[in-house]
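Undergrad: entry.cif is reproduced in full below (mmCIF, C-alpha atoms and all ligand atoms).
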data_entry
#
loop_
_atom_site.label_atom_id
_atom_site.label_comp_id
_atom_site.auth_asym_id
_atom_site.auth_seq_id
_atom_site.Cartn_x
_atom_site.Cartn_y
_atom_site.Cartn_z
CA MET A 1 88.67 33.53 56.06
CA ILE A 2 89.89 33.63 52.49
CA GLU A 3 91.02 30.06 52.78
CA ASP A 4 87.65 29.01 54.20
CA ILE A 5 85.91 30.75 51.30
CA ARG A 6 88.09 28.95 48.77
CA ARG A 7 87.45 25.61 50.46
CA CYS A 8 83.67 26.17 50.40
CA THR A 9 83.86 27.31 46.80
CA ASP A 10 85.86 24.27 45.69
CA GLU A 11 83.51 21.99 47.56
CA ALA A 12 80.41 23.58 45.96
CA ARG A 13 81.94 23.39 42.46
CA GLU A 14 82.85 19.77 42.97
CA ARG A 15 79.30 18.93 44.05
CA VAL A 16 77.89 20.85 41.07
CA ALA A 17 80.15 18.98 38.67
CA GLY A 18 79.05 15.65 40.16
CA ALA A 19 75.32 16.48 40.23
CA GLN A 20 73.28 14.14 38.06
CA THR A 21 69.87 15.83 38.25
CA VAL A 22 68.53 19.38 38.05
CA ASP A 23 67.18 18.91 41.58
CA SER A 24 70.59 18.10 43.04
CA VAL A 25 72.07 21.19 41.31
CA ARG A 26 69.33 23.22 42.96
CA ALA A 27 70.29 21.71 46.33
CA VAL A 28 73.95 22.74 45.95
CA GLU A 29 72.87 26.21 44.87
CA SER A 30 70.79 26.61 47.98
CA ASP A 31 73.48 25.12 50.28
CA ALA A 32 76.12 27.56 49.00
CA LEU A 33 74.26 30.67 47.83
CA GLY A 34 70.90 30.46 49.61
CA LYS A 35 69.95 32.69 52.52
CA ARG A 36 71.51 30.28 55.01
CA GLY A 37 74.15 29.07 52.53
CA THR A 38 77.81 28.59 53.43
CA LEU A 39 79.09 31.42 51.20
CA SER A 40 76.27 33.73 52.20
CA GLY A 41 77.36 33.11 55.81
CA PHE A 42 80.73 34.80 55.13
CA LYS A 43 78.94 37.94 54.04
CA LYS A 44 77.52 38.36 57.51
CA ARG A 45 80.99 37.99 59.00
CA LEU A 46 82.51 40.77 56.85
CA GLY A 47 81.38 43.33 59.41
CA THR A 48 83.82 41.93 61.97
CA LEU A 49 86.85 42.73 59.74
CA SER A 50 88.93 45.86 59.38
CA GLU A 51 88.18 48.01 56.36
CA ALA A 52 91.22 46.84 54.35
CA GLU A 53 90.52 43.19 55.12
CA ARG A 54 86.83 43.65 54.36
CA ARG A 55 87.68 45.01 50.89
CA GLU A 56 89.98 42.08 50.11
CA VAL A 57 87.79 39.36 51.56
CA GLY A 58 84.69 41.00 50.05
CA ARG A 59 86.24 40.87 46.56
CA GLU A 60 87.24 37.23 47.08
CA LEU A 61 83.73 36.39 48.28
CA ASN A 62 82.03 38.13 45.32
CA ASP A 63 84.27 36.28 42.87
CA ALA A 64 83.61 33.00 44.67
CA MET A 65 79.84 33.46 44.61
CA ALA A 66 79.91 34.46 40.94
CA ALA A 67 82.00 31.40 40.11
CA VAL A 68 79.62 29.03 41.94
CA ARG A 69 76.60 30.72 40.32
CA ALA A 70 78.16 30.29 36.86
CA ALA A 71 78.98 26.64 37.56
CA VAL A 72 75.40 26.04 38.75
CA GLU A 73 73.89 27.68 35.64
CA ALA A 74 76.17 25.77 33.27
CA ARG A 75 75.48 22.40 34.91
CA ARG A 76 71.76 23.10 35.08
CA ALA A 77 71.63 23.92 31.35
CA GLU A 78 73.60 20.78 30.57
CA LEU A 79 71.31 18.54 32.63
CA GLU A 80 68.15 20.17 31.30
CA ALA A 81 69.30 19.59 27.74
CA GLY A 82 70.06 15.95 28.61
CA GLU A 83 66.66 15.47 30.22
CA ARG A 84 64.97 17.04 27.20
CA ARG A 85 66.90 14.78 24.85
CA ALA A 86 65.93 11.72 26.89
CA ARG A 87 62.29 12.78 26.95
CA LEU A 88 62.21 13.32 23.19
CA ARG A 89 63.89 9.98 22.67
CA GLY A 90 61.25 8.35 24.90
CA GLU A 91 58.40 10.04 23.04
CA ARG A 92 59.78 9.31 19.62
CA VAL A 93 57.23 7.58 17.40
CA ASP A 94 58.31 5.87 14.21
CA LEU A 95 55.35 6.38 11.92
CA THR A 96 56.83 4.03 9.33
CA GLU A 97 57.23 1.22 11.82
CA VAL A 98 55.28 -1.96 11.15
CA ARG A 99 55.20 -4.07 14.27
CA PRO A 100 54.96 -7.81 13.76
CA GLY A 101 51.57 -9.25 14.58
CA ARG A 102 49.95 -5.84 14.57
CA ASP A 103 48.21 -3.89 11.79
CA ALA A 104 50.06 -0.78 10.66
CA GLY A 105 47.01 1.38 11.38
CA HIS A 106 43.38 1.23 12.38
CA LEU A 107 40.14 3.12 12.04
CA HIS A 108 39.56 6.26 14.09
CA LEU A 109 37.33 5.82 17.13
CA VAL A 110 34.48 7.83 15.57
CA THR A 111 34.70 5.80 12.34
CA GLN A 112 34.55 2.59 14.38
CA VAL A 113 31.40 3.88 16.10
CA ILE A 114 29.81 4.82 12.76
CA GLU A 115 30.50 1.35 11.36
CA GLU A 116 29.12 -0.37 14.46
CA LEU A 117 25.95 1.72 14.39
CA GLU A 118 25.50 1.06 10.68
CA ASP A 119 25.71 -2.67 11.46
CA VAL A 120 23.08 -2.32 14.19
CA PHE A 121 20.66 -0.47 11.88
CA VAL A 122 21.33 -2.64 8.84
CA GLY A 123 20.49 -5.57 11.13
CA LEU A 124 17.12 -3.87 11.82
CA GLY A 125 16.47 -3.61 8.05
CA PHE A 126 17.65 -0.03 7.42
CA THR A 127 19.68 1.24 4.45
CA VAL A 128 22.59 3.71 4.80
CA ALA A 129 22.52 7.04 2.89
CA GLU A 130 24.91 9.96 2.56
CA GLY A 131 24.65 13.60 1.56
CA PRO A 132 27.02 16.49 0.84
CA GLU A 133 28.73 18.45 3.61
CA VAL A 134 28.36 21.70 1.64
CA GLU A 135 24.62 22.22 1.50
CA ASP A 136 22.15 24.75 0.16
CA ASP A 137 19.73 26.68 2.32
CA TRP A 138 16.80 24.62 0.98
CA HIS A 139 18.04 21.26 2.30
CA ASN A 140 19.69 22.50 5.52
CA PHE A 141 16.86 24.84 6.58
CA THR A 142 13.92 25.75 4.36
CA ALA A 143 12.70 22.26 3.40
CA LEU A 144 13.05 21.33 7.08
CA ASN A 145 10.37 23.91 7.88
CA PHE A 146 12.72 26.59 9.26
CA GLY A 147 10.81 29.79 8.39
CA GLU A 148 12.90 32.39 6.56
CA HIS A 149 13.14 34.68 9.57
CA HIS A 150 12.35 32.09 12.21
CA PRO A 151 14.60 32.34 15.29
CA ALA A 152 15.15 28.55 15.08
CA ARG A 153 17.66 29.28 12.32
CA GLU A 154 19.84 30.74 15.03
CA MET A 155 19.64 27.50 17.05
CA GLN A 156 22.56 26.28 15.02
CA ASP A 157 25.36 28.78 14.39
CA THR A 158 26.07 28.46 10.72
CA PHE A 159 29.24 28.66 8.64
CA PHE A 160 28.25 30.28 5.35
CA VAL A 161 30.17 29.55 2.15
CA GLY A 162 30.98 32.44 -0.18
CA LEU A 163 29.07 30.95 -3.12
CA GLY A 164 25.78 31.97 -4.78
CA SER A 165 23.65 34.64 -3.17
CA PRO A 166 24.41 35.65 0.44
CA ARG A 167 23.61 32.90 2.97
CA GLU A 168 22.55 30.50 0.22
CA VAL A 169 25.35 27.94 0.61
CA VAL A 170 26.27 26.58 4.05
CA MET A 171 28.39 23.93 5.70
CA ARG A 172 25.61 21.64 6.88
CA THR A 173 24.83 22.23 10.55
CA HIS A 174 23.25 18.79 11.07
CA THR A 175 22.58 15.57 9.18
CA SER A 176 18.84 16.33 8.87
CA PRO A 177 19.26 17.75 5.30
CA VAL A 178 20.06 14.19 4.22
CA GLN A 179 16.48 13.27 5.23
CA ILE A 180 15.28 15.75 2.59
CA ARG A 181 17.64 14.33 -0.05
CA VAL A 182 16.48 10.77 0.67
CA MET A 183 12.78 11.74 0.53
CA GLU A 184 13.32 13.72 -2.68
CA GLN A 185 14.96 10.73 -4.34
CA GLN A 186 12.99 7.84 -2.97
CA ALA A 187 9.31 7.04 -2.51
CA PRO A 188 8.20 5.61 0.85
CA PRO A 189 8.44 3.24 2.59
CA ILE A 190 11.80 4.61 3.80
CA TYR A 191 13.96 3.07 6.51
CA SER A 192 17.29 4.84 6.34
CA VAL A 193 20.22 6.01 8.51
CA MET A 194 22.58 8.84 7.51
CA PRO A 195 25.88 9.31 9.32
CA GLY A 196 28.19 12.21 8.60
CA ARG A 197 30.25 15.20 9.53
CA VAL A 198 28.56 18.48 10.47
CA TYR A 199 29.80 22.01 11.15
CA ARG A 200 28.81 24.72 13.61
CA ASN A 201 30.31 28.10 14.22
CA GLU A 202 30.74 27.68 17.94
CA ALA A 203 33.56 27.96 20.45
CA THR A 204 35.05 24.55 21.20
CA ASP A 205 35.30 23.15 24.71
CA ALA A 206 35.30 19.75 26.41
CA THR A 207 31.74 18.99 25.24
CA HIS A 208 31.50 21.07 22.02
CA LEU A 209 33.34 20.81 18.72
CA ALA A 210 32.94 23.04 15.67
CA VAL A 211 33.28 19.98 13.42
CA PHE A 212 31.56 16.89 14.77
CA HIS A 213 29.50 13.90 13.66
CA GLN A 214 25.87 12.95 13.79
CA LEU A 215 23.79 9.98 12.77
CA GLU A 216 20.32 10.63 11.44
CA CYS A 217 17.57 8.05 11.31
CA LEU A 218 14.44 8.43 9.12
CA VAL A 219 11.42 6.18 8.81
CA VAL A 220 8.44 7.00 6.55
CA ASP A 221 5.72 4.41 6.11
CA ARG A 222 1.99 3.94 6.57
CA GLY A 223 0.76 4.03 10.16
CA ILE A 224 4.06 5.05 11.79
CA THR A 225 3.49 6.30 15.35
CA PHE A 226 5.41 7.83 18.22
CA GLY A 227 5.53 4.33 19.73
CA HIS A 228 7.68 3.17 16.79
CA LEU A 229 10.05 6.09 17.44
CA ALA A 230 10.44 5.30 21.15
CA GLY A 231 10.79 1.58 20.44
CA THR A 232 13.47 2.08 17.77
CA ILE A 233 15.52 4.38 20.00
CA ASP A 234 15.32 1.90 22.86
CA MET A 235 16.21 -1.03 20.62
CA PHE A 236 19.27 0.61 19.06
CA THR A 237 20.64 1.92 22.38
CA LYS A 238 20.37 -1.59 23.87
CA ALA A 239 21.94 -3.15 20.75
CA PHE A 240 24.80 -0.63 20.77
CA PHE A 241 25.49 -0.15 24.47
CA GLY A 242 24.17 -3.38 25.95
CA ALA A 243 21.03 -4.50 27.75
CA GLY A 244 21.94 -2.53 30.89
CA PHE A 245 21.13 0.73 29.08
CA SER A 246 17.69 2.24 28.61
CA SER A 247 16.36 5.46 27.05
CA ARG A 248 13.89 8.22 27.79
CA LEU A 249 12.28 11.03 25.79
CA ARG A 250 11.76 14.62 26.96
CA PRO A 251 9.50 17.17 25.20
CA SER A 252 11.47 19.59 23.02
CA TYR A 253 11.20 21.69 19.88
CA PHE A 254 12.55 21.24 16.35
CA PRO A 255 10.87 22.95 13.36
CA PHE A 256 10.98 19.74 11.31
CA THR A 257 9.29 17.42 13.81
CA GLU A 258 5.96 17.63 15.65
CA PRO A 259 5.79 16.53 18.39
CA SER A 260 9.50 16.74 19.17
CA ALA A 261 11.54 15.17 21.92
CA GLU A 262 15.11 15.05 23.07
CA PHE A 263 16.33 11.64 24.04
CA ASP A 264 18.72 10.51 26.74
CA ILE A 265 20.17 7.16 27.58
CA GLN A 266 20.54 5.84 31.09
CA ARG A 267 23.84 4.23 31.97
CA PRO A 268 23.91 1.14 34.23
CA ASP A 269 25.06 3.42 37.10
CA GLY A 270 21.75 5.30 36.75
CA SER A 271 23.17 8.56 35.28
CA TRP A 272 21.66 10.06 32.11
CA LEU A 273 23.44 11.22 28.94
CA GLU A 274 21.72 13.54 26.44
CA LEU A 275 22.20 12.00 23.01
CA GLY A 276 20.08 13.84 20.47
CA GLY A 277 16.77 15.08 19.12
CA SER A 278 13.80 13.25 17.65
CA GLY A 279 10.16 13.51 16.68
CA MET A 280 7.41 12.75 14.18
CA VAL A 281 8.29 14.17 10.76
CA HIS A 282 6.38 17.46 10.36
CA PRO A 283 3.66 17.29 7.61
CA ASN A 284 5.20 20.38 5.96
CA VAL A 285 8.50 18.50 5.59
CA LEU A 286 6.76 15.55 3.94
CA ARG A 287 4.91 17.95 1.61
CA ASN A 288 8.17 19.77 0.74
CA CYS A 289 9.47 16.42 -0.53
CA GLY A 290 6.33 15.53 -2.49
CA ILE A 291 5.08 12.98 0.05
CA ASP A 292 1.39 13.06 1.00
CA PRO A 293 1.10 13.42 4.82
CA GLU A 294 -2.47 12.05 4.64
CA GLU A 295 -1.13 8.74 3.43
CA TRP A 296 2.31 8.55 5.04
CA SER A 297 3.75 9.38 8.42
CA GLY A 298 7.23 9.09 9.81
CA PHE A 299 9.68 9.64 12.59
CA ALA A 300 13.24 10.91 12.63
CA PHE A 301 16.01 11.24 15.13
CA GLY A 302 19.59 12.48 15.07
CA PHE A 303 22.34 12.34 17.65
CA GLY A 304 25.97 13.29 18.31
CA LEU A 305 28.49 10.51 17.63
CA ASP A 306 31.47 12.22 19.22
CA ARG A 307 29.78 12.47 22.61
CA LEU A 308 28.60 8.90 22.29
CA ALA A 309 32.09 7.60 21.42
CA ALA A 310 33.68 9.67 24.18
CA THR A 311 31.20 8.38 26.77
CA ARG A 312 31.67 4.77 25.83
CA HIS A 313 35.48 5.00 25.96
CA GLY A 314 35.89 7.36 28.91
CA VAL A 315 37.36 10.24 26.87
CA GLY A 316 36.82 13.30 29.05
CA ASP A 317 37.39 16.00 26.42
CA LEU A 318 35.85 15.85 22.92
CA ARG A 319 38.78 17.87 21.52
CA GLU A 320 40.98 14.82 22.04
CA LEU A 321 39.01 13.08 19.29
CA ALA A 322 40.48 15.57 16.81
CA SER A 323 43.99 14.90 18.11
CA THR A 324 46.66 13.61 15.75
CA ASP A 325 48.69 12.25 18.68
CA ILE A 326 49.40 8.63 17.82
CA ARG A 327 49.68 7.74 21.54
CA PHE A 328 46.07 8.84 22.05
CA LEU A 329 44.81 7.22 18.85
CA GLU A 330 46.56 3.91 19.51
CA GLN A 331 44.42 3.29 22.60
CA PHE A 332 41.32 2.48 20.58
C1 LIG B 1 19.94 18.53 15.81
O1 LIG B 1 20.99 18.70 15.23
C2 LIG B 1 18.75 17.93 15.10
N1 LIG B 1 19.01 17.88 13.68
C3 LIG B 1 18.45 16.55 15.66
C4 LIG B 1 17.15 15.96 15.18
C5 LIG B 1 17.14 15.07 14.13
C6 LIG B 1 15.95 16.33 15.81
C7 LIG B 1 15.93 14.52 13.68
C8 LIG B 1 14.76 15.78 15.36
C9 LIG B 1 14.76 14.89 14.32
P1 LIG B 1 20.85 19.35 18.14
O2 LIG B 1 21.32 20.67 17.70
O3 LIG B 1 20.24 19.25 19.51
O4 LIG B 1 19.75 18.74 17.15
O5 LIG B 1 22.07 18.33 18.06
C10 LIG B 1 21.89 16.93 18.25
C11 LIG B 1 23.07 16.33 19.02
O6 LIG B 1 24.30 16.64 18.38
C12 LIG B 1 23.24 16.87 20.44
O7 LIG B 1 22.37 16.22 21.35
C13 LIG B 1 24.67 16.50 20.71
O8 LIG B 1 24.80 15.12 21.03
C14 LIG B 1 25.31 16.73 19.36
N2 LIG B 1 25.95 18.06 19.30
C15 LIG B 1 25.35 19.26 19.11
N3 LIG B 1 26.25 20.26 19.09
C16 LIG B 1 27.46 19.67 19.27
C17 LIG B 1 28.82 20.16 19.33
N4 LIG B 1 29.09 21.46 19.16
N5 LIG B 1 29.82 19.27 19.54
C18 LIG B 1 29.54 17.95 19.67
N6 LIG B 1 28.31 17.43 19.63
C19 LIG B 1 27.27 18.27 19.43
#
Could you write out this file's structure as structure tokens?

TA:
Amino acid sequence: MIEDIRRCTDEARERVAGAQTVDSVRAVESDALGKRGTLSGFKKRLGTLSEAERREVGRELNDAMAAVRAAVEARRAELEAGERRARLRGERVDLTEVRPGRDAGHLHLVTQVIEELEDVFVGLGFTVAEGPEVEDDWHNFTALNFGEHHPAREMQDTFFVGLGSPREVVMRTHTSPVQIRVMEQQAPPIYSVMPGRVYRNEATDATHLAVFHQLECLVVDRGITFGHLAGTIDMFTKAFFGAGFSSRLRPSYFPFTEPSAEFDIQRPDGSWLELGGSGMVHPNVLRNCGIDPEEWSGFAFGFGLDRLAATRHGVGDLRELASTDIRFLEQF
């Protein structure tokens, strides 16, 4: 029996040494040491031996099994290291590489979307404005008709900045404060869009980011009606997405617009995507900016650019947009 054990052991070690993949090592391990393995089989036969023989053969068998186990572990570690090296080599990205006929870099997907939308709106006669990402309470909330203790303030979980008096300085929670800045600086008529980064203290998931992007649109002129709002939304969605897309408005609430509506776009397959909020600029907001609501009226809307970009390019998880993985970024 000792000879048989040695033969099985040598055979198993030879197979281990020749194994080229982790899977084939696992196969040898199971053939020799598994429940029905060749070496395990000898264990069952020990009972048929005399006590002296059993001791000797038992020792031989234990040593044999330990030797095969050690060979298996060593080969497995070797192959795993090799596979890891090969994978890393395959995933290696040379960030300094300039490939012929190809630009060294390109704009991020969200930046591309911002530039395209700016083109659409500039084509409709709008100007582009910007505002600061660190805002004061006046522009982010109070001038937008959020009452001091109004629950609507809690609609947007705010990151407060440790400057000034408590809760006075915030990371802007939307691009609507830029409406206020534009109206403070400029007399109507106003036709302006305001893209930018916004911040909310919320848990991130596939459809929510804590840092994301919005585009705000503001029109203030004489005789502006809800019809102009609906028409502008429909026109820009068709210009951006294509003629197969249409839009709809649903009643909603925002302190700075009255009436207010959320707007969705309909994809050619018939499904709806919620894009943003809209409404007629509230008279209090116009007054807060020194504009006479008896003479002027306006509409505004604002929507999420990350969701829009993700939808158009089939990105299932918004968090991927914040990825620094060049293999993801290179796709767009
Ligand atoms: C607003 O932010 C309003 N300022 C919009 C508005 C502007 C209304 C002008 C009226 C007039 P809301 O909180 O619903 O509204 O956000 C608007 C859009 O931003 C959402 O529809 C969604 O597309 C996007 N958005 C909101 N939260 C997140 C988030 N955490 N991650 C990614 N996108 C988000």

Undergrad: Between atom CA of A:Glu29 and atom CA of A:Met1, what is the distance in Å, rounded to a tenth?

TA: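 Straight-line distance from atom CA of A:Glu29 to atom CA of A:Met1 works out to 20.7 Å.
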
Undergrad: For chain A against ligand LIG 1 (chain B), with a cut-off of 6 Å and counting all atoms listed in the file, what is the closest atom pair and its distance in Å to one decimal for every residue that makes the cut, ordered by chain and number, as a Markdown table?

TA:
| residue | atom | partner | partner_atom | distance |
| --- | --- | --- | --- | --- |
| A:His174 | CA | B:LIG1 | O1 | 4.7 |
| A:Ser176 | CA | B:LIG1 | N1 | 5.1 |
| A:His208 | CA | B:LIG1 | N5 | 3.5 |
| A:Leu209 | CA | B:LIG1 | N5 | 3.9 |
| A:Ala210 | CA | B:LIG1 | N4 | 5.4 |
| A:Phe212 | CA | B:LIG1 | C18 | 5.4 |
| A:Phe254 | CA | B:LIG1 | C8 | 6.0 |
| A:Thr257 | CA | B:LIG1 | C8 | 5.9 |
| A:Glu274 | CA | B:LIG1 | O7 | 5.8 |
| A:Leu275 | CA | B:LIG1 | O8 | 4.5 |
| A:Gly276 | CA | B:LIG1 | O7 | 3.4 |
| A:Gly277 | CA | B:LIG1 | C6 | 3.6 |
| A:Ser278 | CA | B:LIG1 | C8 | 3.5 |
| A:Gly279 | CA | B:LIG1 | C8 | 5.3 |
| A:Ala300 | CA | B:LIG1 | C9 | 4.6 |
| A:Phe301 | CA | B:LIG1 | C7 | 3.6 |
| A:Gly302 | CA | B:LIG1 | C5 | 3.7 |
| A:Phe303 | CA | B:LIG1 | C11 | 4.3 |
| A:Gly304 | CA | B:LIG1 | O8 | 3.5 |
| A:Arg307 | CA | B:LIG1 | O8 | 5.9 |

Undergrad: Could you list, as an MDAnalysis selection string, every residue within 9 Å of A:Arg13, counting all atoms listed in the file and ignoring same-chain residues fewer than 6 positions away?

TA: chainID A and resid 28 67:68 71:72

Undergrad: When you look at A:Ala310 with a cut-off of 12 Å (counting all atoms listed in the file), what residues show up, excluding the ones that are within fewer than 4 positions of it in the same chain? I need them as a PyMOL selection string.

TA: chain A and resi 109-110+113+206-208+273+275+304-306+314-322+332

Undergrad: Which residues of stretch 191-305 of chain A come within 12 Å of stretch 144-152 of chain A, and what is each one's closest atom pair and distance in Å (one decimal), counting all atoms listed in the file, sorted by chain and residue number, as a Markdown table?

TA:
| residue | atom | partner | partner_atom | distance |
| --- | --- | --- | --- | --- |
| A:Tyr253 | CA | A:Ala152 | CA | 9.3 |
| A:Phe254 | CA | A:Ala152 | CA | 7.9 |
| A:Pro255 | CA | A:Asn145 | CA | 5.6 |
| A:Phe256 | CA | A:Leu144 | CA | 5.0 |
| A:Thr257 | CA | A:Leu144 | CA | 8.6 |
| A:Glu258 | CA | A:Asn145 | CA | 10.9 |
| A:Val281 | CA | A:Leu144 | CA | 9.4 |
| A:His282 | CA | A:Asn145 | CA | 8.0 |
| A:Pro283 | CA | A:Asn145 | CA | 9.4 |
| A:Asn284 | CA | A:Asn145 | CA | 6.5 |
| A:Val285 | CA | A:Leu144 | CA | 5.6 |
| A:Leu286 | CA | A:Leu144 | CA | 9.1 |
| A:Arg287 | CA | A:Asn145 | CA | 10.2 |
| A:Asn288 | CA | A:Leu144 | CA | 8.2 |
| A:Cys289 | CA | A:Leu144 | CA | 9.7 |
| A:Ala300 | CA | A:Leu144 | CA | 11.8 |

Undergrad: Report, in Å with one decimal, the straight-line distance from atom CA of A:Val211 to atom CA of A:Gly123.

TA: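 Taking atom CA of A:Val211 as the start and atom CA of A:Gly123 as the end point, the length is 28.7 Å.
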
Undergrad: Restricting the calculation to only C-alpha atoms, which member of A:Arg222, A:Arg76, A:Arg167, A:Lys43 is positioned closest to A:Pro189?

TA: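 Selected residue with least distance to A:Pro189: A:Arg222.
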
Undergrad: Could you pull stretch 122-129 of chain A out of the structure I just pasted and write it to a file containing all heavy atoms, as a PDB file, in the first residue's frame?

TA:
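part.pdb was written with the following content:
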ATOM      1  N   VAL A 122     -28.615  79.678 -26.684  1.00  0.00           N
ATOM      2  CA  VAL A 122     -28.061  80.863 -27.353  1.00  0.00           C
ATOM      3  C   VAL A 122     -28.723  81.000 -28.732  1.00  0.00           C
ATOM      4  O   VAL A 122     -29.071  82.095 -29.172  1.00  0.00           O
ATOM      5  CB  VAL A 122     -26.513  80.775 -27.439  1.00  0.00           C
ATOM      6  CG1 VAL A 122     -25.962  81.822 -28.394  1.00  0.00           C
ATOM      7  CG2 VAL A 122     -25.899  80.959 -26.045  1.00  0.00           C
ATOM      8  N   GLY A 123     -28.971  79.855 -29.367  1.00  0.00           N
ATOM      9  CA  GLY A 123     -29.669  79.854 -30.663  1.00  0.00           C
ATOM     10  C   GLY A 123     -31.081  80.405 -30.550  1.00  0.00           C
ATOM     11  O   GLY A 123     -31.636  80.926 -31.513  1.00  0.00           O
ATOM     12  N   LEU A 124     -31.696  80.297 -29.367  1.00  0.00           N
ATOM     13  CA  LEU A 124     -33.048  80.838 -29.149  1.00  0.00           C
ATOM     14  C   LEU A 124     -32.994  82.293 -28.678  1.00  0.00           C
ATOM     15  O   LEU A 124     -34.023  82.867 -28.353  1.00  0.00           O
ATOM     16  CB  LEU A 124     -33.796  79.987 -28.103  1.00  0.00           C
ATOM     17  CG  LEU A 124     -34.127  78.534 -28.466  1.00  0.00           C
ATOM     18  CD1 LEU A 124     -34.649  77.779 -27.247  1.00  0.00           C
ATOM     19  CD2 LEU A 124     -35.161  78.496 -29.594  1.00  0.00           C
ATOM     20  N   GLY A 125     -31.780  82.868 -28.576  1.00  0.00           N
ATOM     21  CA  GLY A 125     -31.647  84.271 -28.198  1.00  0.00           C
ATOM     22  C   GLY A 125     -31.358  84.510 -26.722  1.00  0.00           C
ATOM     23  O   GLY A 125     -31.474  85.634 -26.239  1.00  0.00           O
ATOM     24  N   PHE A 126     -30.982  83.465 -25.984  1.00  0.00           N
ATOM     25  CA  PHE A 126     -30.698  83.617 -24.549  1.00  0.00           C
ATOM     26  C   PHE A 126     -29.223  83.975 -24.315  1.00  0.00           C
ATOM     27  O   PHE A 126     -28.371  83.655 -25.141  1.00  0.00           O
ATOM     28  CB  PHE A 126     -30.989  82.305 -23.813  1.00  0.00           C
ATOM     29  CG  PHE A 126     -32.449  82.030 -23.594  1.00  0.00           C
ATOM     30  CD1 PHE A 126     -33.265  81.644 -24.659  1.00  0.00           C
ATOM     31  CD2 PHE A 126     -33.010  82.161 -22.329  1.00  0.00           C
ATOM     32  CE1 PHE A 126     -34.613  81.394 -24.465  1.00  0.00           C
ATOM     33  CE2 PHE A 126     -34.360  81.907 -22.127  1.00  0.00           C
ATOM     34  CZ  PHE A 126     -35.161  81.520 -23.194  1.00  0.00           C
ATOM     35  N   THR A 127     -28.941  84.614 -23.166  1.00  0.00           N
ATOM     36  CA  THR A 127     -27.556  84.798 -22.741  1.00  0.00           C
ATOM     37  C   THR A 127     -27.250  83.758 -21.657  1.00  0.00           C
ATOM     38  O   THR A 127     -28.167  83.152 -21.088  1.00  0.00           O
ATOM     39  CB  THR A 127     -27.323  86.201 -22.139  1.00  0.00           C
ATOM     40  OG1 THR A 127     -28.246  86.366 -21.065  1.00  0.00           O
ATOM     41  CG2 THR A 127     -27.551  87.285 -23.182  1.00  0.00           C
ATOM     42  N   VAL A 128     -25.959  83.550 -21.365  1.00  0.00           N
ATOM     43  CA  VAL A 128     -25.543  82.569 -20.354  1.00  0.00           C
ATOM     44  C   VAL A 128     -24.981  83.338 -19.160  1.00  0.00           C
ATOM     45  O   VAL A 128     -24.150  84.228 -19.327  1.00  0.00           O
ATOM     46  CB  VAL A 128     -24.470  81.617 -20.920  1.00  0.00           C
ATOM     47  CG1 VAL A 128     -24.023  80.615 -19.850  1.00  0.00           C
ATOM     48  CG2 VAL A 128     -24.995  80.884 -22.148  1.00  0.00           C
ATOM     49  N   ALA A 129     -25.454  83.008 -17.935  1.00  0.00           N
ATOM     50  CA  ALA A 129     -24.953  83.687 -16.728  1.00  0.00           C
ATOM     51  C   ALA A 129     -24.448  82.652 -15.726  1.00  0.00           C
ATOM     52  O   ALA A 129     -24.815  81.479 -15.802  1.00  0.00           O
ATOM     53  CB  ALA A 129     -26.070  84.511 -16.100  1.00  0.00           C
TER      54      ALA A 129
END
